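Trainee: Okay, here's the structure, questions in a sec.
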Amino acid sequence: MKSMKALVKTRPEPEALELKHVPIPDVGATDVMIRTRAVSICGTDLHIYNWDAWSQQRVKTPRILGHEFAGEVVEVGAHVEHVQVGDYVTGEGHLVCGFCERCRTGEGHVCRDWKGIGYDVDGAFAEYVVIPERNVWHNDADLDPAHAAIQDPLGNAVHAVFQTDCTTKSVAVFGCGPVGLLAISVLKTIGASQIFAVEWDNAYRSRLAMEVGAHHVIHAKSQDPIEYIRKHTNGYGVDVAIEISGSPKAVNDALDTVHPAGHVVLLGLPSQQVPLDISEKIVFRALRLYGVTGRKIWDTWLRMAGLFRSGALNVDPIITHRFAFDDYLEGFELMRTGQCGKVVLDLE
């Protein structure tokens with residue numbers, strides 16, 4: 001049986017990530033096999049590497065990690081109709097049923113029975129990955145494989161930004177991790193009038209936020225973001241706040257930095273309960289709240305393609321490090337430090 005290199009979470013404990021030779025997966029009748037050219041380390045992969053509480057409940061080992069990837073189709077199933085060998089593709093990381101009410105009303109990103117590539121089923125940190133044809137996204141031929149590989153997190157950012165109208169608006173982004181940085185770049189591209197980046201105390205990522213389009217960077221450890229933002233918006237607050245950090249304090253600050261009848265988009269995942277005065281912060285101020293998860297299939301992907309084709313979307317500064325696939329541990333350990341943006345592993 002032919003084998004391939006793959007990054008496998010081998011045991012239910014911290015780290016325990018090994019480069020192993022495993023069998024190449026079979027291709028079903030409606031499946032596509034992709035030879036990966038580039039993969040990107042997601043915060044989810046880091047959670048699994050660290051083996052946090054979420055990972056312990058969700059992931060069964062051994063498991064091939066990874067869901068951010070790009071590559072070339074090398075084999076298609078007998079019933080595949082829209083994908084051909086040689087196509088340059090990536091894939092949507094949510095495997096959805098296609099039949100529940102949510103899927104059939106354009107809300108497949110909250111499918112009742114969805115599964116995640118790289119944590120519920122084997123993923124893309126391997127020389128080959130097999131996904132259903134319906135999960136395939138065709139990339140433009142001139143798209144850098146590293147850009148193509150980060151469309152999953154970029155899609156999170158695009159989904160959040162386009163959840164409400166941010167064009168010509170003042171927007172505060174809480175959290176300058178990779179998705180926050182991508183959101184800032186998208187906001188710059190679509191013409192947000194003022195972009196406030198709120199970061200706790202990471203000077204490295206604060207610099208990246210300015211580089212990709214933030215007009216203001218606020219270090220919440222030493223500055224009050226509410227006071228700063230109101231001072232720079234004539235006392236009113238921003239039109240939109242996008243919370244990506246998952247910090248309970250940042251959630252409350254996001255609510256307080258928008259003006260009455262403003263919009264708050266919640267993408268971050270708090271690891272603990274968030275205390276809220278719902279009456280004072282939300283109801284009496286007539287705020288609109290939006291919860292965002294994943295990418296809207298396939299609306300978000302179409303928007304991403306348009307942003308790349310515009311030539312105005314600047315993601316190069318966010319891809320701060322590229323390693324050979326075999327040097328994966330350097331990438332994961334760098335992610336642990338927070339002194340990076342997106343980390344890409346190259347397989348060619």
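Following the order of the structure tokens, first chain is A, next is B, and so on, with residues numbered from 1 inside each chain and ligands from 1 in the order they appear.
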To test your reading of the structure, identify every residue in region 52-260 of chain A that backbone DSSP assigns to helix (DSSP H, G or I), and report it as a PyMOL selection string.

Mentor: chain A and resi 53-58+101-104+108-110+133-135+145-149+151-161+178-190+203-211+225-231+248-257

Trainee: Which residues of region 258-348 of chain A come within 7 Å of region 176-195 of chain A, and for each one, what is the closest pair of atoms and their distance in Å to one decimal, counting only C-alpha atoms, sorted by chain and residue number, as CSV?

Mentor:
```
residue,atom,partner,partner_atom,distance
A:Ala312,CA,A:Thr189,CA,5.9
A:Leu313,CA,A:Thr189,CA,5.7
A:Asn314,CA,A:Ser185,CA,6.1
A:Val315,CA,A:Leu182,CA,6.9
A:Ile318,CA,A:Leu181,CA,6.9
A:Gly341,CA,A:Pro178,CA,5.2
A:Lys342,CA,A:Pro178,CA,5.9
```

Trainee: Could you turn the residues from that selection into a file that holds all heavy atoms, as a compact mmCIF listing (two decimals), in the first residue's frame?

Mentor:
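Saved as out.txt:
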```txt
# COMPACT_ATOMS: atom_id res chain seq x y z
N ALA A 312 -6.23 44.87 -4.38
CA ALA A 312 -6.08 45.82 -3.28
C ALA A 312 -5.92 45.15 -1.93
O ALA A 312 -5.51 45.79 -0.97
CB ALA A 312 -7.29 46.76 -3.25
N LEU A 313 -6.26 43.87 -1.83
CA LEU A 313 -6.19 43.18 -0.55
C LEU A 313 -4.74 42.85 -0.21
O LEU A 313 -4.06 42.15 -0.97
CB LEU A 313 -7.03 41.90 -0.59
CG LEU A 313 -7.09 41.09 0.70
CD1 LEU A 313 -7.82 41.86 1.78
CD2 LEU A 313 -7.77 39.75 0.45
N ASN A 314 -4.27 43.32 0.92
CA ASN A 314 -2.87 43.17 1.31
C ASN A 314 -2.75 42.15 2.44
O ASN A 314 -2.94 42.48 3.61
CB ASN A 314 -2.31 44.53 1.75
CG ASN A 314 -0.84 44.45 2.11
OD1 ASN A 314 -0.13 43.53 1.70
ND2 ASN A 314 -0.36 45.42 2.87
N VAL A 315 -2.42 40.91 2.08
CA VAL A 315 -2.25 39.87 3.11
C VAL A 315 -0.80 39.45 3.25
O VAL A 315 -0.48 38.70 4.19
CB VAL A 315 -3.13 38.63 2.81
CG1 VAL A 315 -4.60 39.00 2.81
CG2 VAL A 315 -2.74 37.97 1.50
N ILE A 318 0.83 39.68 6.63
CA ILE A 318 0.23 38.82 7.66
C ILE A 318 0.82 37.42 7.61
O ILE A 318 0.87 36.71 8.62
CB ILE A 318 -1.30 38.80 7.50
CG1 ILE A 318 -1.86 40.22 7.61
CG2 ILE A 318 -1.96 37.90 8.54
CD1 ILE A 318 -3.32 40.35 7.26
N GLY A 341 2.33 36.20 12.52
CA GLY A 341 1.00 36.30 11.95
C GLY A 341 0.57 34.90 11.55
O GLY A 341 0.52 34.00 12.37
N LYS A 342 0.32 34.71 10.25
CA LYS A 342 0.03 33.37 9.75
C LYS A 342 1.33 32.65 9.48
O LYS A 342 2.30 33.21 8.96
CB LYS A 342 -0.79 33.43 8.45
CG LYS A 342 -2.22 33.88 8.65
CD LYS A 342 -3.00 32.96 9.59
CE LYS A 342 -3.16 31.55 9.06
NZ LYS A 342 -3.93 30.70 10.02
```

Trainee: Give the strand (DSSP E) residues of region 18-239 of chain A, as DSSP finds them on the backbone, and put them as a ChimeraX atom specification.

Mentor: /A:18-23,31-41,63-64,68-76,88-91,94-95,115-116,128-132,136-138,170-174,194-199,216-219,238-239

Trainee: Tell me, as a PyMOL selection string, which residues lie within 8 Å of region 245-250 of chain A, counting only C-alpha atoms; anything in the same chain fewer than 3 positions away does not count.

Mentor: chain A and resi 174-177+180+253-254+267-275

Trainee: Provide the CA of Asp122 (chain A) to CA of Val292 (chain A) distance in Å, to one decimal place.

Mentor: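 Distance between the two atoms: 24.7 Å.
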
Trainee: Report as a count of residues only all protein, DNA and RNA residues lying within 6 Å of Met4 (chain A), evaluated on only C-alpha atoms, omitting residues in the same chain fewer than 6 positions from it.

Mentor: 4

Trainee: Pick out the closest residue to His138 (chain A) from this set: A:Pro260, A:Gly116, A:Gly86, A:Gly66. Count only C-alpha atoms.

Mentor: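 The shortest atom-to-atom distance to His138 (chain A) comes from A:Gly86.
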
Trainee: So which one's closest to Asp142 (chain A), A:Ala305, A:Ala203, A:Cys111, A:Ile278? Using only C-alpha atoms, please.

Mentor: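 Once distances to Asp142 (chain A) are computed over only C-alpha atoms, the minimum belongs to A:Ala305.
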
Trainee: Quick one: of A:Asp239, A:Asp120, A:Glu15, A:Asp346, who's nearest to Asp256 (chain A), counting only C-alpha atoms?

Mentor: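 When distances to Asp256 (chain A) are compared using only C-alpha atoms, the smallest one comes from A:Asp239.
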
Trainee: Go ahead and compute the interatomic distance for CA of Trp298 (chain A) and CA of Leu95 (chain A), in Å to one decimal.

Mentor: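 About the pair CA of Trp298 (chain A) and CA of Leu95 (chain A): they are 12.9 Å apart.
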
Trainee: Show which residues sit within 8 Å of region 48-52 of chain A, as a VMD selection string. Count only C-alpha atoms, and ignore same-chain residues fewer than 5 positions away.

Mentor: chain A and resid 9 12 to 17 59 332

Trainee: Selected residues, all heavy atoms, written as a tab-separated table (two decimals), in the first residue's frame, please.

Mentor:
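Result went into selection.tsv, see below:
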```tsv
chain	number	residue	atom	x	y	z
A	9	LYS	N	-1.69	13.86	15.26
A	9	LYS	CA	-1.84	13.97	16.72
A	9	LYS	C	-1.98	12.54	17.22
A	9	LYS	O	-3.03	11.90	17.06
A	9	LYS	CB	-3.06	14.81	17.06
A	9	LYS	CG	-3.31	14.98	18.56
A	9	LYS	CD	-2.31	15.91	19.20
A	9	LYS	CE	-2.64	16.13	20.68
A	9	LYS	NZ	-1.72	17.09	21.31
A	12	PRO	N	-3.63	11.53	23.24
A	12	PRO	CA	-4.45	12.56	23.89
A	12	PRO	C	-3.71	13.25	25.02
A	12	PRO	O	-4.02	13.07	26.21
A	12	PRO	CB	-5.66	11.76	24.40
A	12	PRO	CG	-5.11	10.40	24.67
A	12	PRO	CD	-4.07	10.16	23.61
A	13	GLU	N	-2.71	14.06	24.66
A	13	GLU	CA	-1.91	14.78	25.64
A	13	GLU	C	-1.27	15.98	24.95
A	13	GLU	O	-1.25	16.05	23.71
A	13	GLU	CB	-0.84	13.86	26.22
A	13	GLU	CG	0.13	13.33	25.18
A	13	GLU	CD	1.07	12.28	25.72
A	13	GLU	OE1	0.57	11.25	26.25
A	13	GLU	OE2	2.30	12.47	25.61
A	14	PRO	N	-0.71	16.94	25.70
A	14	PRO	CA	-0.07	18.09	25.07
A	14	PRO	C	1.04	17.67	24.11
A	14	PRO	O	1.73	16.66	24.33
A	14	PRO	CB	0.48	18.88	26.27
A	14	PRO	CG	-0.42	18.51	27.40
A	14	PRO	CD	-0.76	17.07	27.17
A	15	GLU	N	1.18	18.46	23.03
A	15	GLU	CA	2.15	18.20	21.96
A	15	GLU	C	1.78	16.89	21.27
A	15	GLU	O	0.73	16.81	20.67
A	15	GLU	CB	3.57	18.28	22.50
A	15	GLU	CG	3.86	19.66	23.11
A	15	GLU	CD	5.21	19.79	23.76
A	15	GLU	OE1	5.95	18.79	23.83
A	15	GLU	OE2	5.53	20.91	24.21
A	16	ALA	N	2.58	15.86	21.36
A	16	ALA	CA	2.26	14.55	20.77
A	16	ALA	C	1.87	14.68	19.30
A	16	ALA	O	0.95	14.02	18.83
A	16	ALA	CB	1.15	13.86	21.56
A	17	LEU	N	2.58	15.55	18.56
A	17	LEU	CA	2.35	15.73	17.13
A	17	LEU	C	3.56	15.17	16.41
A	17	LEU	O	4.69	15.61	16.63
A	17	LEU	CB	2.16	17.21	16.80
A	17	LEU	CG	1.79	17.56	15.36
A	17	LEU	CD1	0.46	16.91	14.97
A	17	LEU	CD2	1.72	19.07	15.18
A	59	VAL	N	-11.65	15.99	19.94
A	59	VAL	CA	-10.76	15.29	19.03
A	59	VAL	C	-10.44	13.89	19.53
A	59	VAL	O	-10.10	13.70	20.70
A	59	VAL	CB	-9.45	16.09	18.85
A	59	VAL	CG1	-8.50	15.36	17.90
A	59	VAL	CG2	-9.75	17.51	18.34
A	332	PHE	N	4.79	25.45	14.96
A	332	PHE	CA	3.88	25.34	16.10
A	332	PHE	C	4.43	26.06	17.32
A	332	PHE	O	3.68	26.74	18.05
A	332	PHE	CB	3.58	23.88	16.42
A	332	PHE	CG	2.44	23.30	15.63
A	332	PHE	CD1	2.66	22.76	14.37
A	332	PHE	CD2	1.15	23.33	16.12
A	332	PHE	CE1	1.60	22.24	13.61
A	332	PHE	CE2	0.09	22.81	15.39
A	332	PHE	CZ	0.32	22.27	14.13
```
